[in-house]
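J.: Just so it is clear, I am handing over final-v4.pdb, which has PDB, C-alpha atoms.
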```pdb
ATOM      1  CA  MET A 163      -6.645  18.080  26.667  1.00  0.00           C
ATOM      2  CA  GLU A 164      -8.535  14.828  26.191  1.00  0.00           C
ATOM      3  CA  ARG A 165      -6.646  13.457  29.210  1.00  0.00           C
ATOM      4  CA  ASP A 166      -7.462  16.637  31.156  1.00  0.00           C
ATOM      5  CA  GLY A 167     -11.162  16.163  30.475  1.00  0.00           C
ATOM      6  CA  VAL A 168     -11.552  19.353  28.417  1.00  0.00           C
ATOM      7  CA  PHE A 169     -13.261  17.143  25.866  1.00  0.00           C
ATOM      8  CA  ALA A 170     -14.132  13.459  25.933  1.00  0.00           C
ATOM      9  CA  ARG A 171     -12.754  12.546  22.515  1.00  0.00           C
ATOM     10  CA  TYR A 172     -11.442  14.296  19.423  1.00  0.00           C
ATOM     11  CA  ALA A 173     -10.622  13.469  15.809  1.00  0.00           C
ATOM     12  CA  VAL A 174      -9.552  15.379  12.728  1.00  0.00           C
ATOM     13  CA  GLY A 175     -12.394  15.693  10.205  1.00  0.00           C
ATOM     14  CA  GLY A 176     -13.183  17.773   7.144  1.00  0.00           C
ATOM     15  CA  ALA A 177     -10.783  18.345   4.298  1.00  0.00           C
ATOM     16  CA  MET A 178      -7.615  17.391   6.177  1.00  0.00           C
ATOM     17  CA  ALA A 179      -9.107  14.065   7.190  1.00  0.00           C
ATOM     18  CA  ALA A 180     -10.045  13.445   3.558  1.00  0.00           C
ATOM     19  CA  ILE A 181      -6.492  14.284   2.512  1.00  0.00           C
ATOM     20  CA  PHE A 182      -5.281  11.503   4.784  1.00  0.00           C
ATOM     21  CA  TYR A 183      -6.954   9.094   2.320  1.00  0.00           C
ATOM     22  CA  VAL A 184      -6.713  10.917  -1.023  1.00  0.00           C
ATOM     23  CA  GLU A 185      -4.340  13.121  -3.000  1.00  0.00           C
ATOM     24  CA  PRO A 186      -3.536  16.538  -1.446  1.00  0.00           C
ATOM     25  CA  PHE A 187      -5.862  19.398  -2.409  1.00  0.00           C
ATOM     26  CA  LEU A 188      -6.240  22.999  -1.350  1.00  0.00           C
ATOM     27  CA  THR A 189      -7.685  23.798   2.055  1.00  0.00           C
ATOM     28  CA  PHE A 190      -6.945  26.453   4.661  1.00  0.00           C
ATOM     29  CA  ASP A 191      -8.736  24.871   7.626  1.00  0.00           C
ATOM     30  CA  LEU A 192      -8.106  22.105  10.068  1.00  0.00           C
ATOM     31  CA  ASP A 193     -11.422  20.866  11.448  1.00  0.00           C
ATOM     32  CA  VAL A 194     -11.334  18.977  14.721  1.00  0.00           C
ATOM     33  CA  PHE A 195     -14.508  17.321  15.957  1.00  0.00           C
ATOM     34  CA  VAL A 196     -14.824  16.967  19.712  1.00  0.00           C
ATOM     35  CA  VAL A 197     -17.167  15.252  22.118  1.00  0.00           C
ATOM     36  CA  LEU A 198     -17.748  17.841  24.809  1.00  0.00           C
ATOM     37  CA  PRO A 199     -18.505  16.991  28.408  1.00  0.00           C
ATOM     38  CA  GLN A 200     -22.056  18.045  29.266  1.00  0.00           C
ATOM     39  CA  THR A 201     -22.453  21.011  31.555  1.00  0.00           C
ATOM     40  CA  SER A 202     -24.778  20.884  34.550  1.00  0.00           C
ATOM     41  CA  GLY A 203     -27.463  22.673  32.543  1.00  0.00           C
ATOM     42  CA  GLY A 204     -27.130  20.115  29.752  1.00  0.00           C
ATOM     43  CA  LEU A 205     -25.691  22.715  27.379  1.00  0.00           C
ATOM     44  CA  LEU A 206     -22.853  21.964  25.018  1.00  0.00           C
ATOM     45  CA  THR A 207     -20.362  24.787  24.992  1.00  0.00           C
ATOM     46  CA  LEU A 208     -16.909  25.262  23.537  1.00  0.00           C
ATOM     47  CA  ALA A 209     -16.045  27.891  26.169  1.00  0.00           C
ATOM     48  CA  PRO A 210     -14.053  25.560  28.478  1.00  0.00           C
ATOM     49  CA  LEU A 211     -12.098  24.309  25.463  1.00  0.00           C
ATOM     50  CA  TYR A 212     -11.257  27.862  24.366  1.00  0.00           C
ATOM     51  CA  ASP A 213     -10.280  28.699  27.973  1.00  0.00           C
ATOM     52  CA  ALA A 214      -7.947  25.694  28.122  1.00  0.00           C
ATOM     53  CA  LEU A 215      -6.357  26.678  24.813  1.00  0.00           C
ATOM     54  CA  ARG A 216      -5.943  30.289  25.916  1.00  0.00           C
ATOM     55  CA  PHE A 217      -4.310  29.003  29.105  1.00  0.00           C
ATOM     56  CA  ARG A 218      -1.830  27.136  26.885  1.00  0.00           C
ATOM     57  CA  GLY A 219      -1.062  30.377  25.063  1.00  0.00           C
ATOM     58  CA  TYR A 220      -3.066  29.822  21.891  1.00  0.00           C
ATOM     59  CA  SER A 221      -4.959  32.785  20.559  1.00  0.00           C
ATOM     60  CA  GLU A 222      -8.423  32.981  19.109  1.00  0.00           C
ATOM     61  CA  GLN A 223      -8.581  34.167  15.514  1.00  0.00           C
ATOM     62  CA  GLU A 224     -11.412  35.447  13.399  1.00  0.00           C
ATOM     63  CA  ASN A 225     -14.011  32.915  12.172  1.00  0.00           C
ATOM     64  CA  GLU A 226     -14.038  30.906  15.428  1.00  0.00           C
ATOM     65  CA  CYS A 227     -10.580  29.498  14.762  1.00  0.00           C
ATOM     66  CA  ILE A 228      -7.772  29.011  17.228  1.00  0.00           C
ATOM     67  CA  MET A 229      -4.229  29.386  15.955  1.00  0.00           C
ATOM     68  CA  ILE A 230      -2.304  26.319  17.167  1.00  0.00           C
ATOM     69  CA  GLU A 231       1.340  26.016  16.169  1.00  0.00           C
ATOM     70  CA  GLY A 232       0.776  28.091  13.034  1.00  0.00           C
ATOM     71  CA  VAL A 233      -2.417  26.316  11.980  1.00  0.00           C
ATOM     72  CA  PRO A 234      -5.911  27.799  12.314  1.00  0.00           C
ATOM     73  CA  VAL A 235      -7.920  25.035  13.967  1.00  0.00           C
ATOM     74  CA  GLN A 236     -11.696  24.987  13.984  1.00  0.00           C
ATOM     75  CA  PHE A 237     -13.197  22.950  16.815  1.00  0.00           C
ATOM     76  CA  LEU A 238     -16.645  21.552  16.100  1.00  0.00           C
ATOM     77  CA  PRO A 239     -18.744  19.845  18.758  1.00  0.00           C
ATOM     78  CA  ALA A 240     -20.251  16.481  17.789  1.00  0.00           C
ATOM     79  CA  TYR A 241     -23.634  17.802  16.708  1.00  0.00           C
ATOM     80  CA  ASN A 242     -25.488  14.613  15.795  1.00  0.00           C
ATOM     81  CA  SER A 243     -25.412  10.832  16.092  1.00  0.00           C
ATOM     82  CA  LEU A 244     -23.400  10.373  12.896  1.00  0.00           C
ATOM     83  CA  ILE A 245     -20.579  12.614  14.136  1.00  0.00           C
ATOM     84  CA  GLU A 246     -20.663  10.913  17.552  1.00  0.00           C
ATOM     85  CA  GLU A 247     -20.333   7.513  15.889  1.00  0.00           C
ATOM     86  CA  ALA A 248     -17.571   8.787  13.578  1.00  0.00           C
ATOM     87  CA  LEU A 249     -15.621  10.073  16.577  1.00  0.00           C
ATOM     88  CA  LYS A 250     -16.079   6.807  18.424  1.00  0.00           C
ATOM     89  CA  GLU A 251     -14.713   4.816  15.514  1.00  0.00           C
ATOM     90  CA  ALA A 252     -12.005   7.240  14.363  1.00  0.00           C
ATOM     91  CA  GLN A 253      -8.659   5.648  13.652  1.00  0.00           C
ATOM     92  CA  GLU A 254      -5.453   6.280  15.541  1.00  0.00           C
ATOM     93  CA  ILE A 255      -2.504   7.466  13.467  1.00  0.00           C
ATOM     94  CA  MET A 256       0.983   8.787  14.153  1.00  0.00           C
ATOM     95  CA  TYR A 257       1.847  12.225  12.804  1.00  0.00           C
ATOM     96  CA  GLU A 258       5.543  13.070  13.128  1.00  0.00           C
ATOM     97  CA  ASP A 259       5.814  10.837  16.212  1.00  0.00           C
ATOM     98  CA  VAL A 260       2.688  12.398  17.735  1.00  0.00           C
ATOM     99  CA  PRO A 261      -0.396  10.224  18.138  1.00  0.00           C
ATOM    100  CA  ALA A 262      -3.493  11.663  16.485  1.00  0.00           C
ATOM    101  CA  ARG A 263      -6.925  10.531  15.445  1.00  0.00           C
ATOM    102  CA  VAL A 264      -8.613  10.821  12.039  1.00  0.00           C
ATOM    103  CA  LEU A 265     -12.200  10.019  11.061  1.00  0.00           C
ATOM    104  CA  ARG A 266     -12.640   6.900   8.956  1.00  0.00           C
ATOM    105  CA  ALA A 267     -13.040   7.433   5.215  1.00  0.00           C
ATOM    106  CA  GLU A 268     -16.498   5.803   5.296  1.00  0.00           C
ATOM    107  CA  HIS A 269     -17.670   8.290   7.917  1.00  0.00           C
ATOM    108  CA  LEU A 270     -16.238  11.165   5.887  1.00  0.00           C
ATOM    109  CA  VAL A 271     -18.370   9.980   2.975  1.00  0.00           C
ATOM    110  CA  ALA A 272     -21.464   9.804   5.200  1.00  0.00           C
ATOM    111  CA  ILE A 273     -20.822  13.247   6.727  1.00  0.00           C
ATOM    112  CA  SER A 274     -20.351  14.721   3.240  1.00  0.00           C
ATOM    113  CA  LEU A 275     -23.637  13.171   2.102  1.00  0.00           C
ATOM    114  CA  GLN A 276     -25.379  14.571   5.152  1.00  0.00           C
ATOM    115  CA  THR A 277     -23.866  18.060   4.783  1.00  0.00           C
ATOM    116  CA  GLY A 278     -24.735  18.082   1.108  1.00  0.00           C
ATOM    117  CA  ARG A 279     -22.839  21.063  -0.295  1.00  0.00           C
ATOM    118  CA  THR A 280     -21.235  21.108  -3.741  1.00  0.00           C
ATOM    119  CA  LYS A 281     -17.788  20.594  -2.239  1.00  0.00           C
ATOM    120  CA  ASP A 282     -19.117  17.639  -0.245  1.00  0.00           C
ATOM    121  CA  ARG A 283     -20.235  16.045  -3.478  1.00  0.00           C
ATOM    122  CA  GLU A 284     -16.727  16.511  -4.839  1.00  0.00           C
ATOM    123  CA  ARG A 285     -15.328  14.993  -1.643  1.00  0.00           C
ATOM    124  CA  VAL A 286     -17.541  11.916  -2.016  1.00  0.00           C
ATOM    125  CA  ARG A 287     -16.334  11.540  -5.582  1.00  0.00           C
ATOM    126  CA  ILE A 288     -12.656  11.715  -4.703  1.00  0.00           C
ATOM    127  CA  LEU A 289     -13.033   9.434  -1.671  1.00  0.00           C
ATOM    128  CA  ARG A 290     -14.808   6.853  -3.840  1.00  0.00           C
ATOM    129  CA  GLU A 291     -12.066   7.148  -6.409  1.00  0.00           C
ATOM    130  CA  GLN A 292      -8.980   7.089  -4.193  1.00  0.00           C
ATOM    131  CA  ALA A 293      -9.738   5.890  -0.671  1.00  0.00           C
ATOM    132  CA  LYS A 294     -10.012   2.202  -0.017  1.00  0.00           C
ATOM    133  CA  LEU A 295     -13.556   2.189   1.298  1.00  0.00           C
ATOM    134  CA  ASP A 296     -14.866  -0.784   3.232  1.00  0.00           C
ATOM    135  CA  GLN A 297     -18.108  -1.185   1.276  1.00  0.00           C
ATOM    136  CA  ASN A 298     -19.868  -3.277   3.921  1.00  0.00           C
ATOM    137  CA  PHE A 299     -18.960  -0.849   6.685  1.00  0.00           C
ATOM    138  CA  LEU A 300     -20.064   2.079   4.501  1.00  0.00           C
ATOM    139  CA  ALA A 301     -23.368   0.395   3.678  1.00  0.00           C
ATOM    140  CA  ASP A 302     -24.052  -0.093   7.395  1.00  0.00           C
ATOM    141  CA  VAL A 303     -23.240   3.542   8.197  1.00  0.00           C
ATOM    142  CA  LEU A 304     -25.445   4.811   5.365  1.00  0.00           C
ATOM    143  CA  LYS A 305     -28.316   2.593   6.472  1.00  0.00           C
ATOM    144  CA  ARG A 306     -27.988   3.551  10.132  1.00  0.00           C
ATOM    145  CA  HIS A 307     -28.127   7.257   9.323  1.00  0.00           C
ATOM    146  CA  GLN A 308     -30.718   7.123   6.527  1.00  0.00           C
ATOM    147  CA  LEU A 309     -28.273   8.252   3.852  1.00  0.00           C
ATOM    148  CA  GLU A 310     -28.809   5.478   1.313  1.00  0.00           C
ATOM    149  CA  ASP A 311     -31.076   7.546  -0.953  1.00  0.00           C
ATOM    150  CA  LYS A 312     -28.610  10.434  -1.009  1.00  0.00           C
ATOM    151  CA  TRP A 313     -25.802   8.006  -1.811  1.00  0.00           C
ATOM    152  CA  LYS A 314     -27.787   6.621  -4.749  1.00  0.00           C
ATOM    153  CA  LEU A 315     -28.626  10.128  -5.929  1.00  0.00           C
ATOM    154  CA  TRP A 316     -25.004  11.210  -5.855  1.00  0.00           C
ATOM    155  CA  THR A 317     -23.389   8.101  -7.202  1.00  0.00           C
ATOM    156  CA  GLU A 318     -25.736   6.624  -9.826  1.00  0.00           C
TER     157      GLU A 318
ATOM    158  CA  MET B 258      -6.556   9.228 -35.630  1.00  0.00           C
ATOM    159  CA  ASP B 259      -6.254   5.956 -33.694  1.00  0.00           C
ATOM    160  CA  GLY B 260      -2.625   6.810 -32.955  1.00  0.00           C
ATOM    161  CA  VAL B 261      -3.735  10.072 -31.314  1.00  0.00           C
ATOM    162  CA  ASN B 262      -6.356   8.285 -29.211  1.00  0.00           C
ATOM    163  CA  VAL B 263      -3.823   5.728 -28.052  1.00  0.00           C
ATOM    164  CA  GLU B 264      -1.487   8.547 -27.037  1.00  0.00           C
ATOM    165  CA  ILE B 265      -4.277  10.415 -25.223  1.00  0.00           C
ATOM    166  CA  ASP B 266      -5.285   7.205 -23.414  1.00  0.00           C
ATOM    167  CA  ARG B 267      -1.690   6.706 -22.358  1.00  0.00           C
ATOM    168  CA  ILE B 268      -1.455  10.286 -21.016  1.00  0.00           C
ATOM    169  CA  PHE B 269      -4.716   9.972 -19.068  1.00  0.00           C
ATOM    170  CA  ALA B 270      -3.646   6.633 -17.627  1.00  0.00           C
ATOM    171  CA  ALA B 271      -0.353   8.166 -16.502  1.00  0.00           C
ATOM    172  CA  LYS B 272      -2.201  11.118 -14.931  1.00  0.00           C
ATOM    173  CA  GLU B 273      -4.476   8.750 -13.037  1.00  0.00           C
ATOM    174  CA  GLN B 274      -1.517   6.696 -11.886  1.00  0.00           C
ATOM    175  CA  ARG B 275       0.213   9.826 -10.561  1.00  0.00           C
ATOM    176  CA  ARG B 276      -2.919  10.909  -8.668  1.00  0.00           C
ATOM    177  CA  GLN B 277      -3.130   7.475  -7.076  1.00  0.00           C
ATOM    178  CA  ALA B 278       0.544   7.728  -6.126  1.00  0.00           C
ATOM    179  CA  LEU B 279      -0.078  11.144  -4.541  1.00  0.00           C
ATOM    180  CA  ALA B 280      -2.974   9.647  -2.587  1.00  0.00           C
ATOM    181  CA  ARG B 281      -0.598   7.018  -1.185  1.00  0.00           C
ATOM    182  CA  LEU B 282       1.959   9.553   0.084  1.00  0.00           C
ATOM    183  CA  PRO B 283       2.673   9.604   3.813  1.00  0.00           C
ATOM    184  CA  PHE B 284       0.421  12.083   5.594  1.00  0.00           C
ATOM    185  CA  PRO B 285       3.201  14.528   6.622  1.00  0.00           C
ATOM    186  CA  GLU B 286       4.213  14.821   2.976  1.00  0.00           C
ATOM    187  CA  LYS B 287       0.611  15.502   2.024  1.00  0.00           C
ATOM    188  CA  VAL B 288       0.467  18.243   4.651  1.00  0.00           C
ATOM    189  CA  ARG B 289       3.588  19.770   3.135  1.00  0.00           C
ATOM    190  CA  ALA B 290       1.917  19.651  -0.274  1.00  0.00           C
ATOM    191  CA  VAL B 291      -1.194  21.364   1.104  1.00  0.00           C
ATOM    192  CA  ILE B 292       0.954  24.163   2.543  1.00  0.00           C
ATOM    193  CA  GLU B 293       2.644  24.663  -0.821  1.00  0.00           C
ATOM    194  CA  LEU B 294      -0.795  24.851  -2.451  1.00  0.00           C
ATOM    195  CA  GLN B 295      -1.877  27.384   0.176  1.00  0.00           C
ATOM    196  CA  LYS B 296       1.143  29.584  -0.599  1.00  0.00           C
ATOM    197  CA  MET B 297       0.290  29.478  -4.297  1.00  0.00           C
ATOM    198  CA  ALA B 298      -3.391  30.181  -3.791  1.00  0.00           C
ATOM    199  CA  ALA B 299      -2.873  32.837  -1.108  1.00  0.00           C
ATOM    200  CA  THR B 300      -1.147  35.177  -3.550  1.00  0.00           C
ATOM    201  CA  ILE B 301      -4.038  34.936  -5.985  1.00  0.00           C
ATOM    202  CA  LEU B 302      -6.745  35.150  -3.323  1.00  0.00           C
ATOM    203  CA  ARG B 303      -5.108  38.152  -1.644  1.00  0.00           C
ATOM    204  CA  ALA B 304      -4.998  39.918  -5.003  1.00  0.00           C
ATOM    205  CA  ARG B 305      -8.757  39.379  -5.139  1.00  0.00           C
ATOM    206  CA  GLY B 306      -9.142  40.913  -1.688  1.00  0.00           C
ATOM    207  CA  LYS B 307      -9.659  37.649   0.182  1.00  0.00           C
ATOM    208  CA  MET B 308      -7.506  37.448   3.281  1.00  0.00           C
ATOM    209  CA  VAL B 309      -6.032  33.980   3.698  1.00  0.00           C
ATOM    210  CA  ARG B 310      -2.871  32.828   5.385  1.00  0.00           C
ATOM    211  CA  SER B 311      -0.866  29.706   4.669  1.00  0.00           C
ATOM    212  CA  TRP B 312       0.007  27.480   7.608  1.00  0.00           C
ATOM    213  CA  ASN B 313       3.292  27.848   9.376  1.00  0.00           C
ATOM    214  CA  VAL B 314       4.080  24.312  10.438  1.00  0.00           C
ATOM    215  CA  SER B 315       7.787  23.977  11.057  1.00  0.00           C
ATOM    216  CA  ALA B 316       7.626  20.200  11.591  1.00  0.00           C
ATOM    217  CA  THR B 317       6.427  19.598   8.057  1.00  0.00           C
ATOM    218  CA  ASN B 318       9.461  21.407   6.654  1.00  0.00           C
ATOM    219  CA  GLU B 319      11.895  19.085   8.342  1.00  0.00           C
ATOM    220  CA  GLU B 320      14.113  16.947   6.219  1.00  0.00           C
ATOM    221  CA  SER B 321      13.526  13.786   8.212  1.00  0.00           C
ATOM    222  CA  PRO B 322      10.829  11.681   6.589  1.00  0.00           C
ATOM    223  CA  ARG B 323       9.126  10.464   9.753  1.00  0.00           C
ATOM    224  CA  ALA B 324       6.287   9.007   7.788  1.00  0.00           C
ATOM    225  CA  SER B 325       3.115   7.994   9.526  1.00  0.00           C
ATOM    226  CA  THR B 326       0.990   6.359   6.880  1.00  0.00           C
ATOM    227  CA  PRO B 327       1.661   2.699   6.278  1.00  0.00           C
ATOM    228  CA  THR B 328       2.092   2.902   2.530  1.00  0.00           C
ATOM    229  CA  ASN B 329       4.658   4.915   0.665  1.00  0.00           C
ATOM    230  CA  PRO B 330       4.880   4.687  -3.090  1.00  0.00           C
ATOM    231  CA  GLY B 331       8.576   5.400  -2.757  1.00  0.00           C
ATOM    232  CA  GLN B 332       8.558   7.076  -6.119  1.00  0.00           C
ATOM    233  CA  ILE B 333       7.483  10.613  -5.402  1.00  0.00           C
ATOM    234  CA  ASP B 334       9.877  12.915  -3.620  1.00  0.00           C
ATOM    235  CA  LEU B 335       8.040  16.145  -2.857  1.00  0.00           C
ATOM    236  CA  LYS B 336      11.288  18.066  -2.527  1.00  0.00           C
ATOM    237  CA  GLU B 337      11.959  17.291  -6.169  1.00  0.00           C
ATOM    238  CA  ARG B 338       8.518  18.374  -7.298  1.00  0.00           C
ATOM    239  CA  LYS B 339       7.164  21.691  -8.375  1.00  0.00           C
ATOM    240  CA  VAL B 340       4.107  22.978  -6.547  1.00  0.00           C
ATOM    241  CA  SER B 341       2.157  22.808  -9.784  1.00  0.00           C
ATOM    242  CA  ASP B 342       2.635  19.052  -9.775  1.00  0.00           C
ATOM    243  CA  PHE B 343       0.183  18.669  -6.908  1.00  0.00           C
ATOM    244  CA  GLY B 344      -2.867  19.270  -9.088  1.00  0.00           C
ATOM    245  CA  ALA B 345      -4.869  21.583  -6.842  1.00  0.00           C
ATOM    246  CA  SER B 346      -8.587  21.196  -6.857  1.00  0.00           C
ATOM    247  CA  PRO B 347     -10.356  24.544  -6.701  1.00  0.00           C
ATOM    248  CA  THR B 348     -11.915  23.552  -3.356  1.00  0.00           C
ATOM    249  CA  LYS B 349     -11.652  26.259  -0.724  1.00  0.00           C
ATOM    250  CA  LYS B 350     -12.663  24.693   2.545  1.00  0.00           C
TER     251      LYS B 350
END
```
So, in terms of structure tokens, how does the structure I just supplied come out?
T.:
Amino acid sequence: MERDGVFARYAVGGAMAAIFYVEPFLTFDLDVFVVLPQTSGGLLTLAPLYDALRFRGYSEQENECIMIEGVPVQFLPAYNSLIEEALKEAQEIMYEDVPARVLRAEHLVAISLQTGRTKDRERVRILREQAKLDQNFLADVLKRHQLEDKWKLWTE
Amino acid sequence: MDGVNVEIDRIFAAKEQRRQALARLPFPEKVRAVIELQKMAATILRARGKMVRSWNVSATNEESPRASTPTNPGQIDLKERKVSDFGASPTKK
């Protein structure tokens, strides 16, 4: 779909992206961040993406999820500069011989700090503990997106 | 008393080591672990009236270990493990 121009770029985010770097934990969702092409009116809409998925035979479920090969996938448009940057710098992986893209651990930390829920705090903790974070890269990301104070608050 | 503390320290160190080993598993094996956790949790959550469904990913059930992550501890075989070994966090995403 990226090749077909349905979206400009995608990467797995959320819990499943975190699990790429840390021990497995319980989640029921697969979050996929996408950069959507802008419509003529400048609006960002997931409608063309849903249409393309429906055309491929995938059905829409409750809670804005699309069932793809037995997995409920939640597509989330890149909604701010941090997510856009995270998508741009996501890393390429191979999953069962299929190329895929996953957000960097440092960006997952930054997104968790920005989102700020209790489970995000837990995610920051486990990523700090188990993922091999590039501290310089993380420091740059936190500075760029004004998340240094939150980082200090959550980690000191 | 010191003997007990030494033993407790040893147990905690082993736990930590195992969690680090789980973190180093190839991604497809982690996905398989997540699905096993979902199956376990789904029964409990459904009993509480929460409708959840575990994933149905046939590829992750395959025998062939087509690992994608660069590191593999080579010590943990998920097929030999009980679901309870995965140490679920209570996080419901």
J.: Counting all atoms listed in the file, find the residues whose atoms lie at most 9 Å from (0.2, 18.2, -0.6) (file coordinates) and write them out as a list in words.
T.: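 The requested residues, written out, are Ile181, Glu185, Pro186, Phe187 and Leu188 of chain A; Leu279, Leu282, Phe284, Pro285, Glu286, Lys287, Val288, Arg289, Ala290, Val291, Ile292, Glu293, Leu294, Leu335, Val340, Phe343 and Ala345 of chain B.
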J.: Write out as a PyMOL selection string which residues come within 12 Å of Asp166 in chain A when counting all atoms listed in the file, dropping same-chain ones fewer than 5 positions away.
T.: chain A and resi 171+199+210-211+214-215
J.: Which is closer to chain A than all the others in B:Val261, B:Asp266, B:Val314, B:Lys307, using only C-alpha atoms?
T.: B:Val314
J.: Place a sphere of radius 8 Å on (-11.4, 22.0, 5.6) in the file coordinates and name every protein, DNA or RNA residue with an atom inside or on its surface, counting all atoms listed in the file; give the answer as a PyMOL selection string.
T.: (chain A and resi 175-178+189-193) or (chain B and resi 349-350)
J.: Pull out every residue of chain A that has at least one atom within 12 Å of chain B, counting only C-alpha atoms, and report them as a ChimeraX atom specification.
T.: /A:175-193,223-225,229-236,253-264,279-285,288-289,291-294
J.: Considering all atoms listed in the file, can you say which of A:Ser221, A:Thr207, A:Gln308, A:Thr317 comes closest to Leu244 in chain A?
T.: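 Using all atoms listed in the file, the shortest distance to Leu244 in chain A belongs to A:Gln308.
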J.: Given the choices A:Leu275, A:Leu206, A:Ile245, A:Ala170, which gets closest to Leu315 in chain A if the distance is worked out from all atoms listed in the file?
T.: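 Checking each candidate against Leu315 in chain A, we get A:Leu275 as the closest.
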J.: Considering all atoms listed in the file, return as a list of chain:residue names whatever protein or nucleic-acid residues lie within 8 Å of Phe195 in chain A, sequence-local ones (same chain, fewer than 6 positions apart) excluded.
T.: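 The contact residues come out as A:Tyr172, A:Ala173, A:Val174, A:Gly175, A:Phe237, A:Leu238, A:Pro239, A:Ala240, A:Ile245, A:Leu249.
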J.: Looking at A:Arg290, A:Ile273, A:Leu205, A:Val197, which one is nearest to Gly167 in chain A, with distances taken over all atoms listed in the file?
T.: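 Once distances to Gly167 in chain A are computed over all atoms listed in the file, the minimum belongs to A:Val197.
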